[in-house]
Structure formats: C-alpha cells, structure tokens
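Student: Pasting a structure here, questions to come.
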Amino acid sequence: MERIRAVLIDIDGVLTVSWKPLPGTVAAMERLRAAGLRLALVTNNTSRTRAAIAARLAGLGFPVGAGDILTAPAATAAYLREHCPGARCLLLNSGDVRDDLTGVTLVDDGDADVVVLGGAGPEFGYEALNRVFHQLQRGARLVSMHRNLYWRTEGGLDLDTGAYLEGLEKAARTEAEVTGKPAPAFFASALTHLGADASEALMIGDDIESDVLAAQHCGIAGVLVRTGKYLPETHRAASGTPDHVLDSFADLPALLTTGSGSGRNAPGM
C-alpha cells in the first residue's frame, strides 16, 4: 500500500446511499486529503452533471469540487466526439446531463445515427424502448454509458440500464459500446486526470465486476466494500478475486497506512 499515490472512488453505495453519507465516509475522505493522496470520484451516475454532483457532496461535508468528479456522461461525450463526430444522437436517460454532453448533437425526432443510453428510470417505458429498437434495426449504433443491472437506494435495489440493455442487444442483434465503468478507457482517463500510473492507483467500489475487477484488469489495485449494492452471492459468483475487501470506505485510511482494514476477504454471510 505504500506505493499508492492516487485513489479512484465510486460514489453511489460507497460514499452515499440515496445521497445520504454512509457512516465515517466524510472523515475518511478528509484523512485521504490530509495524507496528500490524489482523489478522483469516478461514477456511472447519469442523473446529475459533474457540477451538481460536486455541489451535493460538498453540501454533505465531503471535501470535493467539480474537478474531482469524472462521470459516465462526460466520458460518453468525449467518446462520441472522437468516434462519431457530428452524429445525430438520440438520448434515453433519466435525469438532465446535457451540460456534460458538450459537442454532442442531440435530436428528439427523426432518424438518429447513434442511440445513447444513460441511467434507467421512468423514461424507460415501452414506447421509448421500442423507438430505440426501431432506430437500432435501421442501423443506428448503440452506445451505453454503463451496463449496471441495478443500484442501491434507501428503499433497496432498483433496476438499472443493464437490465434493458441486454434485451435490446439481443433483439436488435447488436452490441453496445460502453463508455463508463467497466470500460478500460474510462479508467485510463481517470489515471490521466490524476497524473498517476496504474501501479500507483487504487479503485474502491461496491460493484465487484464494474468497479473492482475491471480496475484490476487495467493494473489498478481493487478494493471491494460491503456497502451499497454489495451482495455475498454476487461476491461468491464473481469472475475474479478483489485485491482487498473492506466493510466500508471508512476503513480505507487504515488499509493505506497499515496495510490492513477491518474487513475480511471472504464473502459475508
């Protein structure tokens, strides 16, 4: 742990649940700041802009600014500008993130060159999904900000985009281009933002596949926390083993300073 200089941190389920801080998370981030670590909050949240997320977290006491936030919508905008310049894009998303989609041409009617899926919500009804399906049948590319199946709210687990995305891929016989986590380009962008090498970085998240193992595939140390969407059965069935498992983000400073935390590496019961 002594080589770690940068920490990538998921937000939903790690720092907060339904925008309420989890116990000890504000104090833990303050300790990381005091230690001089470079921090990036990397999130697949698609309902708020980077500025709105930063303002909300700062209001809860977290020492962060908009420059610390890296979102799937911002990564999607960069991807579309590079790979689909000038494309007409149909966006299906719950929440308004248009301010983070700079340089992207969004259309509300007519044919689209690219269908962009953000986070799921009430907007993902039959009429909207069928319209997406029709666009894909006529040859539109499918870009998704993430493929998370569900996320944690204070009311429990709620369905997310991945639950719809797999059906659209099969029905339209296509494969989505994913721009947020677990895309390697997303992690590479975070490392560039922090000016750190993969060997100097650590990723902490509650999604064992998209957060932790995806980061490890990029050479970044992975830490799984037993908060948010964490489920013991998902841990046991995962495609790999996290480098570290902690009970909470609040345990991260101890892991970084002593090499040990309060959590156990085996799935909980």
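FYI, nothing fancy with the structure tokens labels: chains A, B, ... in order, residues from 1 per chain, ligands from 1 as they appear.
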With the cut-off set at 10 Å and counting only C-alpha atoms, tabulate each residue of region 125-207 of chain A with an atom at most that distance from an atom of region 236-250 of chain A, showing the nearest atom pair and its distance in Å to one decimal, ordered by chain and increasing number, as a tab-separated table.
Tutor:
residue	atom	partner	partner_atom	distance
A:Leu202	CA	A:Asp243	CA	9.8
A:Ile204	CA	A:Phe249	CA	7.7
A:Gly205	CA	A:Phe249	CA	8.5
A:Asp206	CA	A:Ser248	CA	9.3
Student: What does the file look like for those residues with all heavy atoms, as a JSON list (two decimals), in the first residue's frame?
Tutor:
[["chain", "number", "residue", "atom", "x", "y", "z"],
["A", 202, "LEU", "N", -5.42, 3.02, -6.80],
["A", 202, "LEU", "CA", -6.33, 2.07, -6.16],
["A", 202, "LEU", "C", -7.76, 2.50, -6.51],
["A", 202, "LEU", "O", -8.08, 3.67, -6.53],
["A", 202, "LEU", "CB", -6.11, 2.09, -4.65],
["A", 202, "LEU", "CG", -7.00, 1.28, -3.72],
["A", 202, "LEU", "CD1", -6.21, 0.88, -2.48],
["A", 202, "LEU", "CD2", -8.24, 2.07, -3.30],
["A", 204, "ILE", "N", -11.79, 1.88, -5.38],
["A", 204, "ILE", "CA", -12.66, 1.34, -4.35],
["A", 204, "ILE", "C", -14.10, 1.48, -4.78],
["A", 204, "ILE", "O", -14.55, 2.55, -5.20],
["A", 204, "ILE", "CB", -12.40, 2.02, -2.98],
["A", 204, "ILE", "CG1", -13.29, 1.40, -1.90],
["A", 204, "ILE", "CG2", -12.55, 3.53, -3.04],
["A", 204, "ILE", "CD1", -12.85, 1.74, -0.48],
["A", 205, "GLY", "N", -14.85, 0.37, -4.74],
["A", 205, "GLY", "CA", -16.23, 0.40, -5.19],
["A", 205, "GLY", "C", -17.04, -0.72, -4.57],
["A", 205, "GLY", "O", -16.51, -1.63, -3.93],
["A", 206, "ASP", "N", -18.37, -0.65, -4.82],
["A", 206, "ASP", "CA", -19.28, -1.66, -4.30],
["A", 206, "ASP", "C", -19.73, -2.66, -5.36],
["A", 206, "ASP", "O", -20.42, -3.62, -5.06],
["A", 206, "ASP", "CB", -20.52, -1.01, -3.66],
["A", 206, "ASP", "CG", -21.35, -0.22, -4.67],
["A", 206, "ASP", "OD1", -20.78, 0.30, -5.65],
["A", 206, "ASP", "OD2", -22.58, -0.13, -4.48]]
Student: Provide the CA of Thr174 (chain A) to CA of Val116 (chain A) distance in Å, to one decimal place.
Tutor: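 Separation between CA of Thr174 (chain A) and CA of Val116 (chain A): 13.7 Å.
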Student: Could you find all residues in region 65-226 of chain A that DSSP calls helix (DSSP H, G or I) from the backbone, and write them as a VMD selection string?
Tutor: chain A and resid 66 to 68 72 to 83 98 to 100 126 to 137 161 to 172 184 to 194 198 to 200 208 to 217
Student: Hey, could you make a per-residue contact list for region 60-172 of chain A against region 176-195 of chain A with 12 Å as the cut-off, showing the nearest pair of atoms and its distance in Å to one decimal, counting only C-alpha atoms, sorted by chain and number, as JSON lines?
Tutor:
{"residue": "A:Gly67", "atom": "CA", "partner": "A:His193", "partner_atom": "CA", "distance": 9.4}
{"residue": "A:Asp68", "atom": "CA", "partner": "A:His193", "partner_atom": "CA", "distance": 9.0}
{"residue": "A:Ile69", "atom": "CA", "partner": "A:Ala190", "partner_atom": "CA", "distance": 9.5}
{"residue": "A:Leu70", "atom": "CA", "partner": "A:Ala190", "partner_atom": "CA", "distance": 7.2}
{"residue": "A:Thr71", "atom": "CA", "partner": "A:Gly180", "partner_atom": "CA", "distance": 7.4}
{"residue": "A:Ala72", "atom": "CA", "partner": "A:Gly180", "partner_atom": "CA", "distance": 4.5}
{"residue": "A:Pro73", "atom": "CA", "partner": "A:Gly180", "partner_atom": "CA", "distance": 7.7}
{"residue": "A:Ala74", "atom": "CA", "partner": "A:Gly180", "partner_atom": "CA", "distance": 9.0}
{"residue": "A:Ala75", "atom": "CA", "partner": "A:Thr179", "partner_atom": "CA", "distance": 6.2}
{"residue": "A:Thr76", "atom": "CA", "partner": "A:Thr179", "partner_atom": "CA", "distance": 5.4}
{"residue": "A:Ala77", "atom": "CA", "partner": "A:Thr179", "partner_atom": "CA", "distance": 9.1}
{"residue": "A:Ala78", "atom": "CA", "partner": "A:Thr179", "partner_atom": "CA", "distance": 9.1}
{"residue": "A:Tyr79", "atom": "CA", "partner": "A:Thr179", "partner_atom": "CA", "distance": 7.0}
{"residue": "A:Leu80", "atom": "CA", "partner": "A:Thr179", "partner_atom": "CA", "distance": 9.3}
{"residue": "A:His83", "atom": "CA", "partner": "A:Glu177", "partner_atom": "CA", "distance": 10.8}
{"residue": "A:Cys84", "atom": "CA", "partner": "A:Glu177", "partner_atom": "CA", "distance": 11.8}
{"residue": "A:Val114", "atom": "CA", "partner": "A:Glu177", "partner_atom": "CA", "distance": 10.5}
{"residue": "A:Val115", "atom": "CA", "partner": "A:Ala176", "partner_atom": "CA", "distance": 9.6}
{"residue": "A:Val116", "atom": "CA", "partner": "A:Ala176", "partner_atom": "CA", "distance": 9.4}
{"residue": "A:Leu117", "atom": "CA", "partner": "A:Ala176", "partner_atom": "CA", "distance": 9.4}
{"residue": "A:Gly118", "atom": "CA", "partner": "A:Gly180", "partner_atom": "CA", "distance": 9.9}
{"residue": "A:Gly119", "atom": "CA", "partner": "A:Gly180", "partner_atom": "CA", "distance": 11.2}
{"residue": "A:Leu136", "atom": "CA", "partner": "A:Ala176", "partner_atom": "CA", "distance": 10.5}
{"residue": "A:Ala140", "atom": "CA", "partner": "A:Ala176", "partner_atom": "CA", "distance": 10.8}
{"residue": "A:Arg141", "atom": "CA", "partner": "A:Ala176", "partner_atom": "CA", "distance": 7.7}
{"residue": "A:Leu142", "atom": "CA", "partner": "A:Ala176", "partner_atom": "CA", "distance": 4.9}
{"residue": "A:Val143", "atom": "CA", "partner": "A:Glu177", "partner_atom": "CA", "distance": 4.7}
{"residue": "A:Ser144", "atom": "CA", "partner": "A:Val178", "partner_atom": "CA", "distance": 4.9}
{"residue": "A:Met145", "atom": "CA", "partner": "A:Gly180", "partner_atom": "CA", "distance": 5.1}
{"residue": "A:His146", "atom": "CA", "partner": "A:Gly180", "partner_atom": "CA", "distance": 5.1}
{"residue": "A:Arg147", "atom": "CA", "partner": "A:Val178", "partner_atom": "CA", "distance": 7.3}
{"residue": "A:Asn148", "atom": "CA", "partner": "A:Lys181", "partner_atom": "CA", "distance": 8.9}
{"residue": "A:Thr161", "atom": "CA", "partner": "A:Val178", "partner_atom": "CA", "distance": 11.5}
{"residue": "A:Gly162", "atom": "CA", "partner": "A:Ala176", "partner_atom": "CA", "distance": 10.5}
{"residue": "A:Tyr164", "atom": "CA", "partner": "A:Ala176", "partner_atom": "CA", "distance": 11.7}
{"residue": "A:Leu165", "atom": "CA", "partner": "A:Ala176", "partner_atom": "CA", "distance": 7.9}
{"residue": "A:Glu166", "atom": "CA", "partner": "A:Ala176", "partner_atom": "CA", "distance": 8.9}
{"residue": "A:Gly167", "atom": "CA", "partner": "A:Ala176", "partner_atom": "CA", "distance": 11.2}
{"residue": "A:Leu168", "atom": "CA", "partner": "A:Ala176", "partner_atom": "CA", "distance": 9.1}
{"residue": "A:Glu169", "atom": "CA", "partner": "A:Ala176", "partner_atom": "CA", "distance": 6.9}
{"residue": "A:Lys170", "atom": "CA", "partner": "A:Ala176", "partner_atom": "CA", "distance": 10.5}
{"residue": "A:Ala172", "atom": "CA", "partner": "A:Ala176", "partner_atom": "CA", "distance": 10.5}
Student: Quick one: residues within 12 Å of Lys20 (chain A), only C-alpha atoms, excluding same-chain residues fewer than 4 positions away - as a PyMOL selection string?
Tutor: chain A and resi 11-16+24-26+56-57+59-62+152-154+228
Student: Take the residues from that selection and put them in a file with N, CA and C atoms, as a PDB file, in the first residue's frame.
Tutor:
ATOM      1  N   ILE A  11     -19.062   6.562  -6.049  1.00  0.00           N
ATOM      2  CA  ILE A  11     -19.869   7.410  -5.165  1.00  0.00           C
ATOM      3  C   ILE A  11     -21.071   6.654  -4.606  1.00  0.00           C
ATOM      4  N   ASP A  12     -22.016   6.306  -5.501  1.00  0.00           N
ATOM      5  CA  ASP A  12     -23.232   5.631  -5.047  1.00  0.00           C
ATOM      6  C   ASP A  12     -22.899   4.290  -4.421  1.00  0.00           C
ATOM      7  N   GLY A  13     -23.321   4.098  -3.177  1.00  0.00           N
ATOM      8  CA  GLY A  13     -23.099   2.837  -2.489  1.00  0.00           C
ATOM      9  C   GLY A  13     -21.768   2.754  -1.772  1.00  0.00           C
ATOM     10  N   VAL A  14     -20.875   3.708  -2.032  1.00  0.00           N
ATOM     11  CA  VAL A  14     -19.564   3.726  -1.383  1.00  0.00           C
ATOM     12  C   VAL A  14     -19.464   4.901  -0.413  1.00  0.00           C
ATOM     13  N   LEU A  15     -19.742   6.092  -0.928  1.00  0.00           N
ATOM     14  CA  LEU A  15     -19.752   7.287  -0.086  1.00  0.00           C
ATOM     15  C   LEU A  15     -21.150   7.583   0.446  1.00  0.00           C
ATOM     16  N   THR A  16     -22.148   7.343  -0.408  1.00  0.00           N
ATOM     17  CA  THR A  16     -23.528   7.691  -0.049  1.00  0.00           C
ATOM     18  C   THR A  16     -24.494   6.608  -0.521  1.00  0.00           C
ATOM     19  N   GLY A  24     -18.914   7.464   8.619  1.00  0.00           N
ATOM     20  CA  GLY A  24     -17.454   7.563   8.582  1.00  0.00           C
ATOM     21  C   GLY A  24     -16.860   7.940   7.247  1.00  0.00           C
ATOM     22  N   THR A  25     -17.681   8.115   6.210  1.00  0.00           N
ATOM     23  CA  THR A  25     -17.105   8.342   4.887  1.00  0.00           C
ATOM     24  C   THR A  25     -16.538   9.758   4.717  1.00  0.00           C
ATOM     25  N   VAL A  26     -17.188  10.754   5.291  1.00  0.00           N
ATOM     26  CA  VAL A  26     -16.668  12.126   5.193  1.00  0.00           C
ATOM     27  C   VAL A  26     -15.318  12.221   5.892  1.00  0.00           C
ATOM     28  N   ARG A  56     -23.592  18.792  -4.429  1.00  0.00           N
ATOM     29  CA  ARG A  56     -24.351  17.963  -3.477  1.00  0.00           C
ATOM     30  C   ARG A  56     -23.424  17.327  -2.448  1.00  0.00           C
ATOM     31  N   LEU A  57     -22.297  16.789  -2.915  1.00  0.00           N
ATOM     32  CA  LEU A  57     -21.354  16.152  -1.993  1.00  0.00           C
ATOM     33  C   LEU A  57     -20.712  17.168  -1.056  1.00  0.00           C
ATOM     34  N   GLY A  59     -22.017  19.851  -0.040  1.00  0.00           N
ATOM     35  CA  GLY A  59     -23.035  20.212   0.931  1.00  0.00           C
ATOM     36  C   GLY A  59     -23.185  19.191   2.039  1.00  0.00           C
ATOM     37  N   LEU A  60     -22.770  17.961   1.771  1.00  0.00           N
ATOM     38  CA  LEU A  60     -22.816  16.904   2.776  1.00  0.00           C
ATOM     39  C   LEU A  60     -21.542  16.868   3.625  1.00  0.00           C
ATOM     40  N   GLY A  61     -20.561  17.701   3.259  1.00  0.00           N
ATOM     41  CA  GLY A  61     -19.328  17.770   4.018  1.00  0.00           C
ATOM     42  C   GLY A  61     -18.121  17.152   3.360  1.00  0.00           C
ATOM     43  N   PHE A  62     -18.284  16.532   2.192  1.00  0.00           N
ATOM     44  CA  PHE A  62     -17.146  15.914   1.513  1.00  0.00           C
ATOM     45  C   PHE A  62     -16.253  17.000   0.908  1.00  0.00           C
ATOM     46  N   ARG A 152     -28.192   0.677  -5.571  1.00  0.00           N
ATOM     47  CA  ARG A 152     -28.768   0.696  -4.233  1.00  0.00           C
ATOM     48  C   ARG A 152     -29.387   2.047  -3.912  1.00  0.00           C
ATOM     49  N   THR A 153     -30.626   2.028  -3.438  1.00  0.00           N
ATOM     50  CA  THR A 153     -31.278   3.207  -2.896  1.00  0.00           C
ATOM     51  C   THR A 153     -31.668   2.898  -1.457  1.00  0.00           C
ATOM     52  N   GLU A 154     -32.188   3.905  -0.749  1.00  0.00           N
ATOM     53  CA  GLU A 154     -32.587   3.655   0.627  1.00  0.00           C
ATOM     54  C   GLU A 154     -33.781   2.713   0.701  1.00  0.00           C
ATOM     55  N   GLY A 228     -23.649  -0.478  -0.124  1.00  0.00           N
ATOM     56  CA  GLY A 228     -24.290  -0.239  -1.407  1.00  0.00           C
ATOM     57  C   GLY A 228     -24.895  -1.488  -2.002  1.00  0.00           C
TER      58      GLY A 228
END
Student: Let me make sure I understand: among A:Asp197, A:Phe124, A:Ala52, A:Ser47, which one has the smallest atom-to-atom distance to Ala163 (chain A) if we use only C-alpha atoms?
Tutor: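 Result for the nearest residue to Ala163 (chain A): A:Phe124.
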Student: Which residue, A:Leu101, A:Ala120, A:Ala54, A:Val223, has the smallest gap to Asp207 (chain A) when you use only C-alpha atoms?
Tutor: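 Answer, going by the shortest atom-to-atom distance: A:Val223.
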Student: Set the distance at 9 Å and use only C-alpha atoms: which residues neighbour Ile4 (chain A) once local chain neighbours fewer than 3 positions away are removed? I'd like the list as a JSON list (two decimals) with all heavy atoms, in the first residue's frame.
Tutor:
[["chain", "number", "residue", "atom", "x", "y", "z"],
["A", 1, "MET", "N", 0.81, -1.21, 0.00],
["A", 1, "MET", "CA", 0.00, 0.00, 0.00],
["A", 1, "MET", "C", 0.85, 1.27, 0.00],
["A", 1, "MET", "O", 0.35, 2.35, -0.31],
["A", 1, "MET", "CB", -0.94, 0.02, 1.21],
["A", 1, "MET", "CG", -2.06, -1.00, 1.16],
["A", 1, "MET", "SD", -3.33, -0.66, -0.10],
["A", 1, "MET", "CE", -2.85, -1.79, -1.40],
["A", 7, "VAL", "N", -6.26, 7.62, -5.61],
["A", 7, "VAL", "CA", -7.39, 6.76, -5.26],
["A", 7, "VAL", "C", -8.59, 7.14, -6.12],
["A", 7, "VAL", "O", -8.99, 8.30, -6.17],
["A", 7, "VAL", "CB", -7.76, 6.91, -3.76],
["A", 7, "VAL", "CG1", -8.93, 5.99, -3.41],
["A", 7, "VAL", "CG2", -6.56, 6.59, -2.88],
["A", 37, "LEU", "N", -3.07, 12.38, -0.85],
["A", 37, "LEU", "CA", -3.41, 11.50, -1.95],
["A", 37, "LEU", "C", -4.22, 12.24, -3.02],
["A", 37, "LEU", "O", -5.02, 13.12, -2.70],
["A", 37, "LEU", "CB", -4.22, 10.30, -1.43],
["A", 37, "LEU", "CG", -3.43, 9.33, -0.55],
["A", 37, "LEU", "CD1", -4.39, 8.41, 0.19],
["A", 37, "LEU", "CD2", -2.47, 8.50, -1.40],
["A", 199, "SER", "N", -0.03, 1.40, -11.49],
["A", 199, "SER", "CA", 0.62, 0.77, -10.34],
["A", 199, "SER", "C", 0.60, 1.64, -9.09],
["A", 199, "SER", "O", 0.85, 1.15, -7.98],
["A", 199, "SER", "CB", 2.07, 0.41, -10.68],
["A", 199, "SER", "OG", 2.80, 1.59, -10.99],
["A", 200, "GLU", "N", 0.29, 2.93, -9.26],
["A", 200, "GLU", "CA", 0.25, 3.86, -8.14],
["A", 200, "GLU", "C", -1.17, 4.12, -7.65],
["A", 200, "GLU", "O", -1.38, 4.92, -6.74],
["A", 200, "GLU", "CB", 0.86, 5.20, -8.53],
["A", 200, "GLU", "CG", 2.30, 5.15, -8.99],
["A", 200, "GLU", "CD", 2.78, 6.50, -9.48],
["A", 200, "GLU", "OE1", 2.10, 7.12, -10.33],
["A", 200, "GLU", "OE2", 3.85, 6.95, -9.01],
["A", 201, "ALA", "N", -2.16, 3.46, -8.29],
["A", 201, "ALA", "CA", -3.55, 3.80, -8.03],
["A", 201, "ALA", "C", -4.32, 2.64, -7.40],
["A", 201, "ALA", "O", -3.95, 1.47, -7.51],
["A", 201, "ALA", "CB", -4.23, 4.24, -9.32],
["A", 202, "LEU", "N", -5.42, 3.02, -6.80],
["A", 202, "LEU", "CA", -6.33, 2.07, -6.16],
["A", 202, "LEU", "C", -7.76, 2.50, -6.51],
["A", 202, "LEU", "O", -8.08, 3.67, -6.53],
["A", 202, "LEU", "CB", -6.11, 2.09, -4.65],
["A", 202, "LEU", "CG", -7.00, 1.28, -3.72],
["A", 202, "LEU", "CD1", -6.21, 0.88, -2.48],
["A", 202, "LEU", "CD2", -8.24, 2.07, -3.30],
["A", 221, "ALA", "N", -5.00, -1.52, -8.37],
["A", 221, "ALA", "CA", -5.40, -2.31, -7.21],
["A", 221, "ALA", "C", -6.89, -2.10, -6.95],
["A", 221, "ALA", "O", -7.40, -0.99, -7.04],
["A", 221, "ALA", "CB", -4.59, -1.91, -5.98],
["A", 256, "LEU", "N", -4.58, 1.87, 3.87],
["A", 256, "LEU", "CA", -3.50, 2.57, 3.20],
["A", 256, "LEU", "C", -2.32, 2.87, 4.12],
["A", 256, "LEU", "O", -1.18, 2.93, 3.66],
["A", 256, "LEU", "CB", -4.02, 3.88, 2.60],
["A", 256, "LEU", "CG", -4.99, 3.73, 1.43],
["A", 256, "LEU", "CD1", -5.61, 5.06, 1.06],
["A", 256, "LEU", "CD2", -4.29, 3.11, 0.23]]
Student: Could you check the closest approach to Gly110 (chain A) for each of A:Ala27, A:Leu149, A:Val97, A:Val132 and tell me which residue wins, using only C-alpha atoms?
Tutor: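 Nearest to Gly110 (chain A): A:Val132.
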Student: Using CA of Leu91 (chain A) and CA of Ser18 (chain A) as the two end points, give the distance in Å to one decimal.
Tutor: 24.1 Å
Student: Check the smallest atom-to-atom distance from each of A:Val17, A:Val104, A:Ala51, A:Leu157 to Arg81 (chain A) using only C-alpha atoms, then report the winner.
Tutor: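 Among the listed residues, A:Val104 lies closest to Arg81 (chain A).
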